[in-house]
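Data first, discussion second: the structure below is written as structure tokens.
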Amino acid sequence: MSDISTQKTVVFRHTRSLSISTYEQSSLPEEQLANLIRLWNTLLISMHNLTSITWVFEDLKDNQIDWMNNLARNIGSHPTLTDFAMVVRDIPPVFSLEPLSRLHSFSFTWHIAPPVHPVLESEVANLIARCRDLKRLRLNFPPTLMAVDSRPVLTEPHTLDGFFKGLSSLEEPLRLQRLLIIEGILVHAEDFISNKRHFRFLEDLTIRLERRRTYDLDEIGRVFATLRQEQILLKHISLTNLHPPGIVEYISSSLRPRGTLH
């Protein structure tokens with residue numbers, strides 16, 4: 001570690017992508033955990049070309065909060081970082097994502113049954129609102145089952161408005177361009193209508209919904225009616241198992257006939 005901190009080695013200088021996992025770190029003695037924190041911070045400093053980080057949250061304990069906040073500060077201050085992904089496999093303790101900004105791509109995946117804690121949902125919403133140059137956004141909630149009386153039961157779905165609530169106060173709109181992927185989240189037309197200024201440059205839209213649920217197709221149809229009225233011309237559309245009213249009209253009226261439906 002001393003060679004890294006004194007920049008006597010260049011082995012990590014050209015690293016562009018990094019994955020960090022919290023698995024089994026909570027069982028480490030305090031001294032080893034402190035050494036690990038120093039190692040991660042030193043590694044980040046040595047990665048001069050780092051552009052992408054995936055942070056996997058699993059096997060978490062409250063004694064890791066300081067480490068997580070410290071690591072978030074170092075990630076957020078990294079000058080070349082543009083892509084950040086959070087993958088949650090265990091309920092994380094409350095920590096701050098505030099240092100993170102200037103991202104071009106952000107992905108949030110929730111792999112567990114309990115709903116996102118309101119504080120973490122607010123942290124994610126504020127992160128999205130801070131990233132003024134955000135071009136790609138993915139909110140992913142894979143199907144999750146809870147055991148109730150030994151029977152698998154679908155958990156309550158999340159809604160989009162909680163993650164977009166930080167957008168309404170922005171003076172200047174985001175410039176989401178390349179991609180918006182929504183997986184396993186209830187889609188309400190009002191979420192798009194109230195935030196349409198942030199989607200002016202959107203090119204790709206994916207909506208993937210849980211097959212075992214019943215959805216209001218009229219709501220999704222109103223999303224495409226709004227896009228059509230606002231002349232937001234998508235190049236690619238992907239819907240899972242749904243043909244909502246309004247989608248054919250949207251594609252046929254588009255000035256870019258390259259729109260496709262899967």
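Following the order of the structure tokens, first chain is A, next is B, and so on, with residues numbered from 1 inside each chain and ligands from 1 in the order they appear.
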
Restrict the calculation to only C-alpha atoms, then for each residue of range 121-219 of chain A with any atom at most 7 Å from an atom of range 223-226 of chain A give the closest atom pair and their distance in Å to one decimal, rows by chain and rising residue number, as CSV.
```
residue,atom,partner,partner_atom,distance
A:Ala189,CA,A:Val223,CA,4.8
A:Phe192,CA,A:Val223,CA,6.4
A:Ile193,CA,A:Thr226,CA,6.6
A:Glu219,CA,A:Val223,CA,6.6
```

Write a file of the just-selected residues containing all heavy atoms, as a PDB file, in the first residue's frame.
```pdb
ATOM      1  N   ALA A 189     -48.595   8.422 -15.708  1.00  0.00           N
ATOM      2  CA  ALA A 189     -48.398   9.450 -16.730  1.00  0.00           C
ATOM      3  C   ALA A 189     -47.984  10.780 -16.115  1.00  0.00           C
ATOM      4  O   ALA A 189     -47.182  11.523 -16.705  1.00  0.00           O
ATOM      5  CB  ALA A 189     -49.678   9.616 -17.553  1.00  0.00           C
ATOM      6  N   PHE A 192     -44.317  11.676 -15.969  1.00  0.00           N
ATOM      7  CA  PHE A 192     -43.727  12.172 -17.208  1.00  0.00           C
ATOM      8  C   PHE A 192     -44.237  13.571 -17.537  1.00  0.00           C
ATOM      9  O   PHE A 192     -43.479  14.425 -17.980  1.00  0.00           O
ATOM     10  CB  PHE A 192     -44.031  11.209 -18.361  1.00  0.00           C
ATOM     11  CG  PHE A 192     -43.141  10.008 -18.393  1.00  0.00           C
ATOM     12  CD1 PHE A 192     -43.375   8.926 -17.570  1.00  0.00           C
ATOM     13  CD2 PHE A 192     -42.039   9.966 -19.240  1.00  0.00           C
ATOM     14  CE1 PHE A 192     -42.554   7.812 -17.588  1.00  0.00           C
ATOM     15  CE2 PHE A 192     -41.197   8.864 -19.266  1.00  0.00           C
ATOM     16  CZ  PHE A 192     -41.462   7.783 -18.437  1.00  0.00           C
ATOM     17  N   ILE A 193     -45.523  13.787 -17.316  1.00  0.00           N
ATOM     18  CA  ILE A 193     -46.104  15.087 -17.643  1.00  0.00           C
ATOM     19  C   ILE A 193     -45.445  16.198 -16.827  1.00  0.00           C
ATOM     20  O   ILE A 193     -45.076  17.254 -17.357  1.00  0.00           O
ATOM     21  CB  ILE A 193     -47.625  15.065 -17.402  1.00  0.00           C
ATOM     22  CG1 ILE A 193     -48.300  14.108 -18.388  1.00  0.00           C
ATOM     23  CG2 ILE A 193     -48.214  16.468 -17.529  1.00  0.00           C
ATOM     24  CD1 ILE A 193     -49.760  13.849 -18.095  1.00  0.00           C
ATOM     25  N   GLU A 219     -52.572   4.404 -18.379  1.00  0.00           N
ATOM     26  CA  GLU A 219     -51.547   5.287 -17.808  1.00  0.00           C
ATOM     27  C   GLU A 219     -50.323   5.322 -18.710  1.00  0.00           C
ATOM     28  O   GLU A 219     -49.774   6.387 -19.005  1.00  0.00           O
ATOM     29  CB  GLU A 219     -51.162   4.827 -16.398  1.00  0.00           C
ATOM     30  CG  GLU A 219     -52.102   5.247 -15.309  1.00  0.00           C
ATOM     31  CD  GLU A 219     -52.064   6.753 -15.066  1.00  0.00           C
ATOM     32  OE1 GLU A 219     -50.963   7.311 -14.935  1.00  0.00           O
ATOM     33  OE2 GLU A 219     -53.148   7.360 -15.016  1.00  0.00           O
TER      34      GLU A 219
END
```

Excluding Arg138 in chain A and its own-chain neighbours fewer than 4 positions away, which residues fall within 7 Å of it when counting only C-alpha atoms? Please give them as an NGL selection string. :A and (106-108 or 180-182)

Please, could you write that set of residues out with N, CA, C and O atoms as a PDB file, in the first residue's frame?
```
ATOM      1  N   PHE A 106     -26.152   6.849 -14.390  1.00  0.00           N
ATOM      2  CA  PHE A 106     -26.436   6.366 -13.033  1.00  0.00           C
ATOM      3  C   PHE A 106     -27.430   5.215 -13.106  1.00  0.00           C
ATOM      4  O   PHE A 106     -28.440   5.288 -13.814  1.00  0.00           O
ATOM      5  N   SER A 107     -27.111   4.146 -12.371  1.00  0.00           N
ATOM      6  CA  SER A 107     -27.972   2.972 -12.318  1.00  0.00           C
ATOM      7  C   SER A 107     -28.214   2.593 -10.860  1.00  0.00           C
ATOM      8  O   SER A 107     -27.277   2.565 -10.050  1.00  0.00           O
ATOM      9  N   PHE A 108     -29.483   2.320 -10.533  1.00  0.00           N
ATOM     10  CA  PHE A 108     -29.854   1.915  -9.176  1.00  0.00           C
ATOM     11  C   PHE A 108     -30.667   0.630  -9.262  1.00  0.00           C
ATOM     12  O   PHE A 108     -31.730   0.600  -9.876  1.00  0.00           O
ATOM     13  N   LEU A 180     -33.307   5.975 -20.878  1.00  0.00           N
ATOM     14  CA  LEU A 180     -34.053   5.918 -19.629  1.00  0.00           C
ATOM     15  C   LEU A 180     -34.653   4.527 -19.540  1.00  0.00           C
ATOM     16  O   LEU A 180     -35.474   4.143 -20.383  1.00  0.00           O
ATOM     17  N   ILE A 181     -34.229   3.770 -18.549  1.00  0.00           N
ATOM     18  CA  ILE A 181     -34.722   2.406 -18.358  1.00  0.00           C
ATOM     19  C   ILE A 181     -35.452   2.338 -17.030  1.00  0.00           C
ATOM     20  O   ILE A 181     -34.894   2.675 -15.981  1.00  0.00           O
ATOM     21  N   ILE A 182     -36.698   1.893 -17.074  1.00  0.00           N
ATOM     22  CA  ILE A 182     -37.506   1.757 -15.874  1.00  0.00           C
ATOM     23  C   ILE A 182     -37.937   0.297 -15.789  1.00  0.00           C
ATOM     24  O   ILE A 182     -38.662  -0.195 -16.666  1.00  0.00           O
TER      25      ILE A 182
END
```

Residues of range 87-129 of chain A in helix (DSSP H, G or I) according to DSSP, as a list in words?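 Assigned to helix (DSSP H, G or I), within range 87-129 of chain A: Pro118, Val119, Leu120, Glu121, Ser122, Glu123, Val124, Ala125, Asn126, Leu127, Ile128 and Ala129 of chain A.
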
Which parts of range 12-200 of chain A does DSSP call strand (DSSP E or B) when run on the backbone here, written out as a PyMOL selection string? chain A and resi 17-21+52-57+83-88+105-110+136-140+145-148+151-154+158-159+179-183+185-186

Residues within 7 Å of range 199-202 of chain A, please, as a list of chain:residue names. Count only C-alpha atoms; anything in the same chain fewer than 2 positions from it doesn't count.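 The residues satisfying every condition are A:Arg175, A:Leu176, A:Gln177, A:Arg178, A:Leu179, A:Lys196, A:Arg197, A:Asp204, A:Ile232, A:Leu234.
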
Would you mind telling me which residue in A:Ser77, A:Asn140, A:Asn195, A:Thr240 lies nearest to Phe164 in chain A when using only C-alpha atoms?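 Between A:Ser77, A:Asn140, A:Asn195, A:Thr240, the residue approaching Phe164 in chain A most closely is A:Asn195.
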
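Closest approach to Thr22 in chain A from the set A:Val56, A:Leu36, A:Leu81, A:Ala125 is made by A:Val56, with distances taken over only C-alpha atoms.
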
Find the spatial neighbours of Thr54 in chain A, counting only C-alpha atoms, within a cut-off of 9 Å - ignore same-chain residues fewer than 4 positions away - and output them as a PyMOL selection string. chain A and resi 17-21+83-87+107

With C-alpha atoms retained, export the selected residues as a PDB file, in the first residue's frame.
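Output below, filename result.pdb:
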```pdb
ATOM      1  CA  SER A  17     -13.706   0.340 -14.310  1.00  0.00           C
ATOM      2  CA  LEU A  18     -13.948  -0.740 -10.662  1.00  0.00           C
ATOM      3  CA  SER A  19     -16.398  -2.938  -8.720  1.00  0.00           C
ATOM      4  CA  ILE A  20     -16.626  -2.641  -4.934  1.00  0.00           C
ATOM      5  CA  SER A  21     -18.479  -5.108  -2.704  1.00  0.00           C
ATOM      6  CA  ASP A  83     -20.626   6.303 -14.531  1.00  0.00           C
ATOM      7  CA  PHE A  84     -21.895   5.039 -11.180  1.00  0.00           C
ATOM      8  CA  ALA A  85     -24.031   1.984 -10.380  1.00  0.00           C
ATOM      9  CA  MET A  86     -25.541   0.948  -7.037  1.00  0.00           C
ATOM     10  CA  VAL A  87     -26.590  -2.687  -6.603  1.00  0.00           C
ATOM     11  CA  SER A 107     -27.972   2.972 -12.318  1.00  0.00           C
TER      12      SER A 107
END
```

A:Glu249, A:Glu121, A:Asp218, A:Glu203 ranked by distance to Ile237 in chain A, top pick (using only C-alpha atoms):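 Smallest separation from Ile237 in chain A among the options: A:Glu203.
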
Record the distance separating CA of Gln64 in chain A and CA of Pro92 in chain A, expressed in Å with one decimal. 9.4 Å

Taking 3 positions as the minimum chain separation for residues in the same chain, which residues sit within 10 Å of Val119 in chain A when counting only C-alpha atoms? Answer as a JSON list (two decimals) with N, CA and C atoms, in the first residue's frame.
```json
[["chain", "number", "residue", "atom", "x", "y", "z"],
["A", 93, "PRO", "N", -27.33, 0.66, 5.81],
["A", 93, "PRO", "CA", -27.56, 1.69, 6.83],
["A", 93, "PRO", "C", -27.66, 3.06, 6.16],
["A", 94, "VAL", "N", -28.23, 4.00, 6.87],
["A", 94, "VAL", "CA", -28.39, 5.35, 6.32],
["A", 94, "VAL", "C", -27.01, 5.99, 6.13],
["A", 95, "PHE", "N", -26.71, 6.38, 4.92],
["A", 95, "PHE", "CA", -25.45, 7.07, 4.64],
["A", 95, "PHE", "C", -25.71, 8.07, 3.53],
["A", 96, "SER", "N", -24.73, 8.91, 3.26],
["A", 96, "SER", "CA", -24.93, 10.04, 2.36],
["A", 96, "SER", "C", -24.35, 9.79, 0.98],
["A", 116, "VAL", "N", -37.51, 0.40, -0.53],
["A", 116, "VAL", "CA", -36.42, 1.35, -0.30],
["A", 116, "VAL", "C", -36.79, 2.27, 0.86],
["A", 122, "SER", "N", -34.69, 9.34, -0.95],
["A", 122, "SER", "CA", -34.42, 10.77, -1.07],
["A", 122, "SER", "C", -32.98, 11.02, -1.50],
["A", 123, "GLU", "N", -32.04, 10.23, -0.98],
["A", 123, "GLU", "CA", -30.63, 10.37, -1.38],
["A", 123, "GLU", "C", -30.48, 10.11, -2.88],
["A", 124, "VAL", "N", -31.14, 9.06, -3.37],
["A", 124, "VAL", "CA", -31.06, 8.73, -4.79],
["A", 124, "VAL", "C", -31.71, 9.83, -5.64],
["A", 125, "ALA", "N", -32.87, 10.31, -5.20],
["A", 125, "ALA", "CA", -33.57, 11.38, -5.93],
["A", 125, "ALA", "C", -32.72, 12.64, -6.00]]
```

Could you tell me how far CA of Ala129 in chain A sits from CA of Leu71 in chain A, in Å to one decimal place?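 These atoms are spaced 20.8 Å apart.
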
Applying 8 Å and only C-alpha atoms, which residues near Thr80 in chain A remain after dropping the ones on its own chain fewer than 2 positions away? List them as a VMD selection string. chain A and resid 48 to 51 78 82

Could you please determine the separation between CA of Glu183 in chain A and CA of Pro99 in chain A in Å, to one decimal place? 26.2 Å
